[in-house]
$ cat my_file16.cif   # mmCIF, C-alpha atoms
data_coords
#
loop_
_atom_site.group_PDB
_atom_site.id
_atom_site.type_symbol
_atom_site.label_atom_id
_atom_site.label_comp_id
_atom_site.auth_asym_id
_atom_site.auth_seq_id
_atom_site.Cartn_x
_atom_site.Cartn_y
_atom_site.Cartn_z
ATOM 1 C CA MET A 335 16.538 -45.594 -21.787
ATOM 2 C CA HIS A 336 14.152 -47.859 -19.873
ATOM 3 C CA LEU A 337 12.815 -49.186 -23.182
ATOM 4 C CA ILE A 338 16.353 -49.867 -24.447
ATOM 5 C CA GLU A 339 17.311 -51.681 -21.254
ATOM 6 C CA ARG A 340 14.204 -53.858 -21.435
ATOM 7 C CA TYR A 341 14.890 -54.595 -25.101
ATOM 8 C CA PHE A 342 18.368 -55.966 -24.307
ATOM 9 C CA ASN A 343 16.914 -57.890 -21.369
ATOM 10 C CA GLU A 344 14.338 -59.401 -23.792
ATOM 11 C CA ASP A 345 11.544 -58.030 -21.627
ATOM 12 C CA LEU A 346 9.389 -56.217 -24.229
ATOM 13 C CA SER A 347 5.875 -57.217 -25.108
ATOM 14 C CA LYS A 348 5.021 -57.847 -28.770
ATOM 15 C CA ALA A 349 3.491 -54.381 -29.109
ATOM 16 C CA GLU A 350 6.487 -52.730 -27.400
ATOM 17 C CA LEU A 351 8.894 -54.626 -29.641
ATOM 18 C CA GLU A 352 7.045 -53.439 -32.757
ATOM 19 C CA PHE A 353 7.192 -49.864 -31.452
ATOM 20 C CA PHE A 354 10.904 -50.261 -30.694
ATOM 21 C CA GLU A 355 11.657 -51.486 -34.218
ATOM 22 C CA GLN A 356 9.627 -48.643 -35.733
ATOM 23 C CA GLU A 357 11.566 -46.095 -33.680
ATOM 24 C CA MET A 358 14.848 -47.671 -34.798
ATOM 25 C CA GLU A 359 13.852 -47.033 -38.412
ATOM 26 C CA ARG A 360 12.301 -43.606 -37.843
ATOM 27 C CA ASP A 361 14.515 -41.888 -35.261
ATOM 28 C CA GLU A 362 18.241 -41.620 -35.975
ATOM 29 C CA LYS A 363 19.010 -40.279 -32.490
ATOM 30 C CA PHE A 364 17.243 -43.255 -30.913
ATOM 31 C CA ARG A 365 19.148 -45.624 -33.198
ATOM 32 C CA ILE A 366 22.452 -44.081 -32.073
ATOM 33 C CA GLU A 367 21.443 -44.471 -28.406
ATOM 34 C CA VAL A 368 20.697 -48.161 -28.975
ATOM 35 C CA THR A 369 24.041 -48.640 -30.750
ATOM 36 C CA GLN A 370 25.915 -46.939 -27.912
ATOM 37 C CA TYR A 371 24.176 -49.048 -25.296
ATOM 38 C CA GLU A 372 24.893 -52.271 -27.172
ATOM 39 C CA TYR A 373 28.545 -51.354 -27.738
ATOM 40 C CA VAL A 374 29.361 -50.406 -24.154
ATOM 41 C CA PHE A 375 27.183 -52.798 -22.196
ATOM 42 C CA GLY A 376 27.250 -55.696 -24.611
ATOM 43 C CA GLY A 377 30.989 -55.905 -23.982
ATOM 44 C CA LEU A 378 30.473 -55.680 -20.239
ATOM 45 C CA LYS A 379 27.884 -58.447 -20.295
ATOM 46 C CA GLU A 380 30.295 -60.702 -22.187
ATOM 47 C CA ALA A 381 33.120 -59.915 -19.760
ATOM 48 C CA ARG A 382 30.948 -60.676 -16.754
ATOM 49 C CA ALA A 383 29.842 -63.989 -18.287
ATOM 50 C CA LYS A 384 33.494 -64.967 -18.793
ATOM 51 C CA LYS A 385 34.309 -63.992 -15.204
ATOM 52 C CA LEU A 386 31.401 -66.057 -13.867
ATOM 53 C CA LYS A 387 32.564 -69.060 -15.893
ATOM 54 C CA SER A 388 36.108 -68.605 -14.590
ATOM 55 C CA ASP A 389 34.912 -68.358 -10.978
ATOM 56 C CA LEU A 390 32.825 -71.521 -11.370
ATOM 57 C CA GLN A 391 35.789 -73.362 -12.880
ATOM 58 C CA LYS A 392 38.025 -72.340 -9.964
ATOM 59 C CA TYR A 393 35.366 -73.518 -7.520
ATOM 60 C CA GLU A 394 35.052 -76.874 -9.272
ATOM 61 C CA ASP A 395 38.845 -77.291 -9.364
ATOM 62 C CA LYS A 396 38.979 -76.631 -5.639
ATOM 63 C CA ILE A 397 36.250 -79.210 -4.952
ATOM 64 C CA HIS A 398 37.897 -81.883 -7.111
ATOM 65 C CA SER A 399 41.311 -81.267 -5.570
ATOM 66 C CA ARG A 400 40.077 -82.367 -2.142
ATOM 67 C CA ARG A 401 40.698 -85.940 -1.051
ATOM 68 C CA PRO A 402 38.510 -87.673 1.549
ATOM 69 C CA LYS A 403 40.248 -89.021 4.623
ATOM 70 C CA HIS A 404 38.807 -92.094 6.346
ATOM 71 C CA ASN A 405 41.309 -92.785 9.156
ATOM 72 C CA PHE A 406 39.783 -91.441 12.362
ATOM 73 C CA SER A 407 41.009 -91.551 15.940
ATOM 74 C CA VAL A 408 40.111 -89.730 19.147
ATOM 75 C CA SER A 409 43.341 -87.745 19.045
ATOM 76 C CA SER A 410 42.930 -86.806 15.391
ATOM 77 C CA VAL A 411 39.334 -85.722 15.997
ATOM 78 C CA MET A 412 40.419 -83.563 18.932
ATOM 79 C CA ARG A 413 43.295 -82.125 16.928
ATOM 80 C CA HIS A 414 41.061 -81.261 13.997
ATOM 81 C CA SER A 415 38.451 -79.812 16.346
ATOM 82 C CA ALA A 416 41.044 -77.507 17.862
ATOM 83 C CA VAL A 417 42.203 -76.417 14.410
ATOM 84 C CA ALA A 418 38.586 -75.822 13.391
ATOM 85 C CA ALA A 419 37.957 -73.697 16.481
ATOM 86 C CA VAL A 420 40.992 -71.536 15.726
ATOM 87 C CA ALA A 421 39.888 -71.239 12.095
ATOM 88 C CA ILE A 422 36.441 -70.058 13.174
ATOM 89 C CA ILE A 423 37.941 -67.385 15.423
ATOM 90 C CA VAL A 424 40.281 -66.201 12.680
ATOM 91 C CA THR A 425 37.394 -66.139 10.185
ATOM 92 C CA VAL A 426 35.208 -64.073 12.512
ATOM 93 C CA ILE A 427 38.029 -61.578 13.048
ATOM 94 C CA ALA A 428 38.677 -61.416 9.315
ATOM 95 C CA ILE A 429 34.991 -60.800 8.580
ATOM 96 C CA ASN A 430 34.843 -58.014 11.149
ATOM 97 C CA PHE A 431 37.867 -56.311 9.647
ATOM 98 C CA SER A 432 36.590 -56.795 6.093
ATOM 99 C CA ASN A 433 33.306 -55.171 7.066
ATOM 100 C CA LEU A 434 35.189 -52.161 8.344
ATOM 101 C CA GLU A 435 37.562 -51.922 5.375
ATOM 102 C CA PRO A 436 36.302 -53.924 2.378
ATOM 103 C CA ASP A 437 39.116 -55.261 0.210
ATOM 104 C CA ILE A 438 38.260 -53.862 -3.210
ATOM 105 C CA LYS A 439 40.553 -55.008 -6.019
ATOM 106 C CA THR A 440 40.328 -51.786 -8.008
ATOM 107 C CA GLU A 441 42.411 -53.050 -10.939
ATOM 108 C CA GLN A 442 40.154 -56.061 -11.395
ATOM 109 C CA VAL A 443 36.969 -53.995 -11.011
ATOM 110 C CA PHE A 444 38.219 -51.432 -13.521
ATOM 111 C CA SER A 445 39.230 -54.023 -16.123
ATOM 112 C CA GLU A 446 35.852 -55.716 -15.780
ATOM 113 C CA TYR A 447 33.814 -52.552 -16.307
ATOM 114 C CA PHE A 448 35.909 -50.395 -18.643
ATOM 115 C CA ARG A 449 35.056 -50.396 -22.321
ATOM 116 C CA PRO A 450 36.142 -47.569 -24.682
ATOM 117 C CA TYR A 451 33.176 -45.426 -25.640
ATOM 118 C CA PRO A 452 32.172 -45.712 -29.339
ATOM 119 C CA ASN A 453 32.980 -42.954 -31.788
ATOM 120 C CA VAL A 454 29.724 -41.076 -32.316
ATOM 121 C CA ILE A 455 31.106 -37.671 -33.315
ATOM 122 C CA ALA A 456 33.058 -38.518 -36.453
ATOM 123 C CA PRO A 457 32.392 -42.047 -37.711
ATOM 124 C CA VAL A 458 35.007 -43.116 -40.234
ATOM 125 C CA THR A 459 33.531 -44.637 -43.393
ATOM 126 C CA ARG A 460 34.788 -47.831 -44.969
ATOM 127 C CA SER A 461 35.515 -46.121 -48.300
ATOM 128 C CA THR A 462 39.083 -45.928 -49.603
ATOM 129 C CA GLU A 463 39.021 -42.140 -49.596
ATOM 130 C CA VAL A 464 39.950 -40.780 -46.172
ATOM 131 C CA SER A 465 38.299 -37.519 -45.230
ATOM 132 C CA ASP A 466 40.506 -34.427 -44.916
ATOM 133 C CA SER A 467 38.694 -33.508 -41.714
ATOM 134 C CA ASP A 468 41.129 -33.233 -38.804
ATOM 135 C CA LEU A 469 38.523 -34.603 -36.437
ATOM 136 C CA LYS A 470 37.853 -37.677 -38.571
ATOM 137 C CA HIS A 471 41.581 -38.219 -38.913
ATOM 138 C CA VAL A 472 42.122 -38.164 -35.142
ATOM 139 C CA MET A 473 39.060 -40.303 -34.463
ATOM 140 C CA SER A 474 40.373 -42.882 -36.933
ATOM 141 C CA PHE A 475 43.290 -43.401 -34.519
ATOM 142 C CA TYR A 476 40.804 -43.739 -31.660
ATOM 143 C CA ASP A 477 38.727 -46.286 -33.602
ATOM 144 C CA ALA A 478 41.904 -48.271 -34.333
ATOM 145 C CA LYS A 479 42.782 -48.187 -30.598
ATOM 146 C CA ASP A 480 45.992 -46.317 -31.375
ATOM 147 C CA TYR A 481 45.477 -44.223 -28.267
ATOM 148 C CA ASP A 482 48.916 -42.601 -28.238
ATOM 149 C CA ALA A 483 48.301 -41.097 -31.682
ATOM 150 C CA ALA A 484 44.725 -40.205 -30.748
ATOM 151 C CA ILE A 485 45.813 -38.379 -27.583
ATOM 152 C CA GLU A 486 48.379 -36.388 -29.547
ATOM 153 C CA GLY A 487 45.730 -35.527 -32.122
ATOM 154 C CA PHE A 488 43.235 -34.467 -29.448
ATOM 155 C CA ASP A 489 45.831 -32.054 -28.074
ATOM 156 C CA ASN A 490 45.848 -30.282 -31.442
ATOM 157 C CA LEU A 491 42.039 -30.017 -31.464
ATOM 158 C CA ILE A 492 41.423 -29.075 -27.834
ATOM 159 C CA MET A 493 41.165 -25.351 -28.594
ATOM 160 C CA ASP A 494 38.093 -25.886 -30.758
ATOM 161 C CA VAL A 495 35.427 -24.221 -28.609
ATOM 162 C CA ASP A 496 32.494 -25.972 -30.290
ATOM 163 C CA LEU A 497 33.968 -29.446 -29.733
ATOM 164 C CA ARG A 498 35.843 -28.847 -26.499
ATOM 165 C CA ASN A 499 33.668 -31.120 -24.349
ATOM 166 C CA GLU A 500 33.719 -33.930 -26.894
ATOM 167 C CA ILE A 501 37.504 -33.713 -27.302
ATOM 168 C CA LEU A 502 38.046 -33.663 -23.541
ATOM 169 C CA PHE A 503 35.772 -36.672 -23.175
ATOM 170 C CA TYR A 504 37.365 -38.853 -25.844
ATOM 171 C CA LYS A 505 40.863 -37.871 -24.771
ATOM 172 C CA GLY A 506 39.890 -38.856 -21.218
ATOM 173 C CA VAL A 507 38.682 -42.262 -22.417
ATOM 174 C CA ALA A 508 41.885 -42.725 -24.438
ATOM 175 C CA LEU A 509 43.973 -41.852 -21.373
ATOM 176 C CA LEU A 510 42.003 -44.380 -19.309
ATOM 177 C CA ALA A 511 42.628 -47.036 -21.951
ATOM 178 C CA ASN A 512 46.339 -46.232 -21.695
ATOM 179 C CA GLY A 513 46.311 -46.637 -17.912
ATOM 180 C CA LYS A 514 46.599 -42.926 -17.131
ATOM 181 C CA ALA A 515 43.671 -42.595 -14.740
ATOM 182 C CA SER A 516 44.841 -39.403 -13.037
ATOM 183 C CA GLU A 517 45.155 -37.497 -16.328
ATOM 184 C CA ALA A 518 41.837 -38.945 -17.483
ATOM 185 C CA ARG A 519 40.119 -37.693 -14.323
ATOM 186 C CA ASN A 520 41.521 -34.200 -14.928
ATOM 187 C CA HIS A 521 40.094 -34.121 -18.446
ATOM 188 C CA PHE A 522 36.657 -35.342 -17.366
ATOM 189 C CA GLU A 523 36.587 -32.729 -14.615
ATOM 190 C CA MET A 524 37.395 -29.976 -17.140
ATOM 191 C CA MET A 525 34.231 -30.808 -19.089
ATOM 192 C CA ASP A 526 31.015 -28.859 -18.704
ATOM 193 C CA PRO A 527 28.927 -31.128 -16.411
ATOM 194 C CA LEU A 528 25.756 -30.244 -18.346
ATOM 195 C CA ASN A 529 26.993 -30.983 -21.871
ATOM 196 C CA ASP A 530 25.588 -33.646 -24.205
ATOM 197 C CA PHE A 531 28.040 -36.177 -22.769
ATOM 198 C CA SER A 532 27.142 -35.499 -19.136
ATOM 199 C CA ASN A 533 26.034 -39.061 -18.326
ATOM 200 C CA GLN A 534 28.962 -40.589 -20.188
ATOM 201 C CA ARG A 535 31.286 -38.218 -18.327
ATOM 202 C CA LYS A 536 29.983 -39.407 -14.946
ATOM 203 C CA TRP A 537 30.388 -43.085 -15.815
ATOM 204 C CA TYR A 538 33.950 -42.834 -17.091
ATOM 205 C CA LEU A 539 34.953 -40.395 -14.358
ATOM 206 C CA SER A 540 33.675 -42.892 -11.786
ATOM 207 C CA LEU A 541 35.826 -45.602 -13.430
ATOM 208 C CA ALA A 542 38.856 -43.306 -13.284
ATOM 209 C CA LEU A 543 38.194 -42.710 -9.583
ATOM 210 C CA VAL A 544 37.900 -46.467 -8.975
ATOM 211 C CA GLN A 545 41.232 -46.947 -10.726
ATOM 212 C CA LEU A 546 42.745 -44.289 -8.441
ATOM 213 C CA GLY A 547 41.242 -45.866 -5.325
ATOM 214 C CA GLU A 548 39.023 -42.826 -4.627
ATOM 215 C CA ILE A 549 36.037 -44.984 -3.760
ATOM 216 C CA ASN A 550 33.878 -42.428 -1.913
ATOM 217 C CA GLU A 551 33.997 -40.008 -4.851
ATOM 218 C CA ALA A 552 33.205 -42.842 -7.286
ATOM 219 C CA GLU A 553 30.210 -43.899 -5.180
ATOM 220 C CA GLN A 554 28.840 -40.353 -5.246
ATOM 221 C CA LEU A 555 28.949 -40.256 -9.040
ATOM 222 C CA LEU A 556 27.383 -43.700 -9.347
ATOM 223 C CA ASN A 557 24.522 -42.589 -7.116
ATOM 224 C CA GLU A 558 24.032 -39.559 -9.388
ATOM 225 C CA ILE A 559 23.880 -41.859 -12.431
ATOM 226 C CA ILE A 560 21.213 -43.954 -10.719
ATOM 227 C CA TYR A 561 19.254 -40.830 -9.813
ATOM 228 C CA ASP A 562 19.499 -39.558 -13.426
ATOM 229 C CA LYS A 563 18.150 -42.911 -14.710
ATOM 230 C CA SER A 564 20.474 -42.826 -17.699
ATOM 231 C CA TYR A 565 21.394 -45.960 -19.652
ATOM 232 C CA PHE A 566 24.371 -46.482 -17.346
ATOM 233 C CA ILE A 567 22.000 -47.158 -14.433
ATOM 234 C CA ILE A 568 22.158 -50.980 -14.486
ATOM 235 C CA TYR A 569 25.923 -51.177 -14.283
ATOM 236 C CA ALA A 570 26.128 -48.202 -11.954
ATOM 237 C CA LYS A 571 23.990 -50.164 -9.481
ATOM 238 C CA ASP A 572 26.099 -53.264 -10.029
ATOM 239 C CA LEU A 573 29.372 -51.412 -9.515
ATOM 240 C CA LEU A 574 27.995 -49.602 -6.483
ATOM 241 C CA ASP A 575 27.149 -52.957 -4.889
ATOM 242 C CA ILE A 576 30.766 -54.044 -5.359
ATOM 243 C CA LEU A 577 32.166 -50.824 -3.908
ATOM 244 C CA SER A 578 29.643 -50.682 -1.032
ATOM 245 C CA PRO A 579 28.788 -54.281 -0.109
ATOM 246 C CA LYS A 580 25.889 -54.523 2.320
#
$ encode --input "my_file16.cif" --output "structure tokens"
Amino acid sequence: MHLIERYFNEDLSKAELEFFEQEMERDEKFRIEVTQYEYVFGGLKEARAKKLKSDLQKYEDKIHSRRPKHNFSVSSVMRHSAVAAVAIIVTVIAINFSNLEPDIKTEQVFSEYFRPYPNVIAPVTRSTEVSDSDLKHVMSFYDAKDYDAAIEGFDNLIMDVDLRNEILFYKGVALLANGKASEARNHFEMMDPLNDFSNQRKWYLSLALVQLGEINEAEQLLNEIIYDKSYFIIYAKDLLDILSPK
């Protein structure tokens, strides 16, 4: 995971890059990990870049909207000084209260960090012949972002013992995409914490908890992700900084 992160941060040496490319050709599991990382976090990186651009534009608009005033008098200076003093007091009080109870816009945070997880259990081919597999059929709805149909299909597959964790996970992600964070949390919590999707489970469960305003529980999961050093670690740290500003 550290190698993958450094690859996307363009931080590999020439020898490391050659090794990375060799592993991409040789190791299918590694190739899937790279694809998953790029899919989930590539979208997040793009979203954050757009947000930064938007914030800068708002700042510039605010600067340009100001008009200088050149008419000064003793009374106007005193009046503005009094207003400034009151503003400072109000600001100090506001900062003190914000430190006690940070104003976290959970909807905005969620929309910035949520990306549907890629289909890695039943990829649908581009051929004209659709597989008769029930799983592939349901995952085709998921791939098409028809989450209502996907959720209904997952309900019919949930009794499959061998795929129970995977079905619970993807149904949870589909529920999150449909704005049903409480139901999504329930499905993630029904998963075996030690299954092959354990790290993915923690990330999306933490997003569900953010959406529900359960910040303390989300922070605990994010700290676990950081401790595990999985490929969600970068954004887990980032999100944790937003939820627990120093």
$ atom_distance --input "my_file16.cif" --atom1 "CA of Tyr481 in chain A" --atom2 "CA of Lys505 in chain A"
8.6 Å
$ closest_residue --input "my_file16.cif" --among "A:Arg360, A:Arg340, A:Lys439, A:His471" --to "Glu486 in chain A" --atoms "only C-alpha atoms"
A:His471
$ residues_around --input "my_file16.cif" --residues "range 556-564 of chain A" --least-positions-apart "2" --cutoff "8 Å" --atoms "only C-alpha atoms" --output "list of chain:residue names"
A:Met335, A:Asn533, A:Lys536, A:Trp537, A:Ser540, A:Ala552, A:Glu553, A:Gln554, A:Phe566, A:Ile567, A:Ala570, A:Lys571, A:Leu573, A:Leu574
$ atom_distance --input "my_file16.cif" --atom1 "CA of Glu372 in chain A" --atom2 "CA of Ile455 in chain A"
17.0 Å
$ residues_around --input "my_file16.cif" --residues "Met358 in chain A" --least-positions-apart "5" --cutoff "12 Å" --atoms "all atoms listed in the file" --output "PDB file with C-alpha atoms, in the coordinates of the input"
ATOM      1  CA  LEU A 337      12.815 -49.186 -23.182  1.00  0.00           C
ATOM      2  CA  ILE A 338      16.353 -49.867 -24.447  1.00  0.00           C
ATOM      3  CA  TYR A 341      14.890 -54.595 -25.101  1.00  0.00           C
ATOM      4  CA  LEU A 351       8.894 -54.626 -29.641  1.00  0.00           C
ATOM      5  CA  GLU A 352       7.045 -53.439 -32.757  1.00  0.00           C
ATOM      6  CA  PHE A 353       7.192 -49.864 -31.452  1.00  0.00           C
ATOM      7  CA  LYS A 363      19.010 -40.279 -32.490  1.00  0.00           C
ATOM      8  CA  PHE A 364      17.243 -43.255 -30.913  1.00  0.00           C
ATOM      9  CA  ARG A 365      19.148 -45.624 -33.198  1.00  0.00           C
ATOM     10  CA  ILE A 366      22.452 -44.081 -32.073  1.00  0.00           C
ATOM     11  CA  GLU A 367      21.443 -44.471 -28.406  1.00  0.00           C
ATOM     12  CA  VAL A 368      20.697 -48.161 -28.975  1.00  0.00           C
ATOM     13  CA  THR A 369      24.041 -48.640 -30.750  1.00  0.00           C
TER      14      THR A 369
END
$ atom_distance --input "my_file16.cif" --atom1 "CA of Asn529 in chain A" --atom2 "CA of Asn490 in chain A"
21.2 Å
$ residues_around --input "my_file16.cif" --residues "range 472-479 of chain A" --least-positions-apart "4" --cutoff "10 Å" --atoms "only C-alpha atoms" --output "PyMOL selection string"
chain A and resi 450-459+464+467-468+483-488+490-491+501+504-505+507-508+511-512
$ write_last_selection --input "my_file16.cif" --atoms "C-alpha atoms" --output "mmCIF file, keeping the file's coordinate frame"
data_model
loop_
_atom_site.group_PDB
_atom_site.id
_atom_site.type_symbol
_atom_site.label_atom_id
_atom_site.label_comp_id
_atom_site.auth_asym_id
_atom_site.auth_seq_id
_atom_site.Cartn_x
_atom_site.Cartn_y
_atom_site.Cartn_z
ATOM 1 C CA PRO A 450 36.142 -47.569 -24.682
ATOM 2 C CA TYR A 451 33.176 -45.426 -25.640
ATOM 3 C CA PRO A 452 32.172 -45.712 -29.339
ATOM 4 C CA ASN A 453 32.980 -42.954 -31.788
ATOM 5 C CA VAL A 454 29.724 -41.076 -32.316
ATOM 6 C CA ILE A 455 31.106 -37.671 -33.315
ATOM 7 C CA ALA A 456 33.058 -38.518 -36.453
ATOM 8 C CA PRO A 457 32.392 -42.047 -37.711
ATOM 9 C CA VAL A 458 35.007 -43.116 -40.234
ATOM 10 C CA THR A 459 33.531 -44.637 -43.393
ATOM 11 C CA VAL A 464 39.950 -40.780 -46.172
ATOM 12 C CA SER A 467 38.694 -33.508 -41.714
ATOM 13 C CA ASP A 468 41.129 -33.233 -38.804
ATOM 14 C CA ALA A 483 48.301 -41.097 -31.682
ATOM 15 C CA ALA A 484 44.725 -40.205 -30.748
ATOM 16 C CA ILE A 485 45.813 -38.379 -27.583
ATOM 17 C CA GLU A 486 48.379 -36.388 -29.547
ATOM 18 C CA GLY A 487 45.730 -35.527 -32.122
ATOM 19 C CA PHE A 488 43.235 -34.467 -29.448
ATOM 20 C CA ASN A 490 45.848 -30.282 -31.442
ATOM 21 C CA LEU A 491 42.039 -30.017 -31.464
ATOM 22 C CA ILE A 501 37.504 -33.713 -27.302
ATOM 23 C CA TYR A 504 37.365 -38.853 -25.844
ATOM 24 C CA LYS A 505 40.863 -37.871 -24.771
ATOM 25 C CA VAL A 507 38.682 -42.262 -22.417
ATOM 26 C CA ALA A 508 41.885 -42.725 -24.438
ATOM 27 C CA ALA A 511 42.628 -47.036 -21.951
ATOM 28 C CA ASN A 512 46.339 -46.232 -21.695
#
$ closest_residue --input "my_file16.cif" --among "A:Ile549, A:Ala542, A:Met525, A:Ala349" --to "Glu500 in chain A" --atoms "all atoms listed in the file"
A:Met525
$ resolve_selection --input "my_file16.cif" --expression "the PyMOL selection byres ((chain A and resi 521) around 8)" --output "NGL selection string"
:A and (502-503 or 505-506 or 517-520 or 522-525)
$ axis_aligned_box --input "my_file16.cif" --around "range 483-491 of chain A" --padding-each-side "8 Å" --output "lines of an AutoDock Vina configuration file"
center_x = 45.2
center_y = -35.6
center_z = -29.9
size_x = 22.3
size_y = 27.1
size_z = 20.5
$ build_atoms --input "my_file16.cif" --residues "range 506-526 of chain A" --atoms "N, CA and C atoms" --output "CSV table (one decimal), keeping the file's coordinate frame"
chain,number,residue,atom,x,y,z
A,506,GLY,N,39.9,-38.2,-22.5
A,506,GLY,CA,39.9,-38.9,-21.2
A,506,GLY,C,39.7,-40.4,-21.3
A,507,VAL,N,38.9,-40.8,-22.2
A,507,VAL,CA,38.7,-42.3,-22.4
A,507,VAL,C,40.0,-42.9,-22.9
A,508,ALA,N,40.6,-42.2,-23.9
A,508,ALA,CA,41.9,-42.7,-24.4
A,508,ALA,C,43.0,-42.8,-23.4
A,509,LEU,N,43.0,-41.8,-22.5
A,509,LEU,CA,44.0,-41.9,-21.4
A,509,LEU,C,43.7,-43.0,-20.4
A,510,LEU,N,42.4,-43.2,-20.2
A,510,LEU,CA,42.0,-44.4,-19.3
A,510,LEU,C,42.5,-45.7,-19.9
A,511,ALA,N,42.2,-45.8,-21.2
A,511,ALA,CA,42.6,-47.0,-22.0
A,511,ALA,C,44.1,-47.2,-21.9
A,512,ASN,N,44.9,-46.1,-21.8
A,512,ASN,CA,46.3,-46.2,-21.7
A,512,ASN,C,46.8,-46.3,-20.3
A,513,GLY,N,45.9,-46.5,-19.3
A,513,GLY,CA,46.3,-46.6,-17.9
A,513,GLY,C,46.7,-45.4,-17.2
A,514,LYS,N,46.3,-44.2,-17.7
A,514,LYS,CA,46.6,-42.9,-17.1
A,514,LYS,C,45.3,-42.3,-16.5
A,515,ALA,N,44.9,-43.0,-15.4
A,515,ALA,CA,43.7,-42.6,-14.7
A,515,ALA,C,43.7,-41.2,-14.2
A,516,SER,N,44.8,-40.7,-13.6
A,516,SER,CA,44.8,-39.4,-13.0
A,516,SER,C,44.6,-38.3,-14.1
A,517,GLU,N,45.3,-38.5,-15.2
A,517,GLU,CA,45.2,-37.5,-16.3
A,517,GLU,C,43.7,-37.6,-16.9
A,518,ALA,N,43.2,-38.8,-17.0
A,518,ALA,CA,41.8,-38.9,-17.5
A,518,ALA,C,40.9,-38.2,-16.6
A,519,ARG,N,41.0,-38.4,-15.3
A,519,ARG,CA,40.1,-37.7,-14.3
A,519,ARG,C,40.2,-36.2,-14.5
A,520,ASN,N,41.4,-35.6,-14.7
A,520,ASN,CA,41.5,-34.2,-14.9
A,520,ASN,C,40.8,-33.7,-16.2
A,521,HIS,N,40.8,-34.5,-17.2
A,521,HIS,CA,40.1,-34.1,-18.4
A,521,HIS,C,38.6,-34.2,-18.3
A,522,PHE,N,38.1,-35.2,-17.6
A,522,PHE,CA,36.7,-35.3,-17.4
A,522,PHE,C,36.2,-34.2,-16.5
A,523,GLU,N,37.0,-33.8,-15.5
A,523,GLU,CA,36.6,-32.7,-14.6
A,523,GLU,C,36.6,-31.4,-15.3
A,524,MET,N,37.4,-31.2,-16.4
A,524,MET,CA,37.4,-30.0,-17.1
A,524,MET,C,36.2,-29.8,-18.0
A,525,MET,N,35.4,-30.9,-18.2
A,525,MET,CA,34.2,-30.8,-19.1
A,525,MET,C,33.1,-30.0,-18.4
A,526,ASP,N,32.2,-29.5,-19.2
A,526,ASP,CA,31.0,-28.9,-18.7
A,526,ASP,C,30.1,-30.0,-18.2
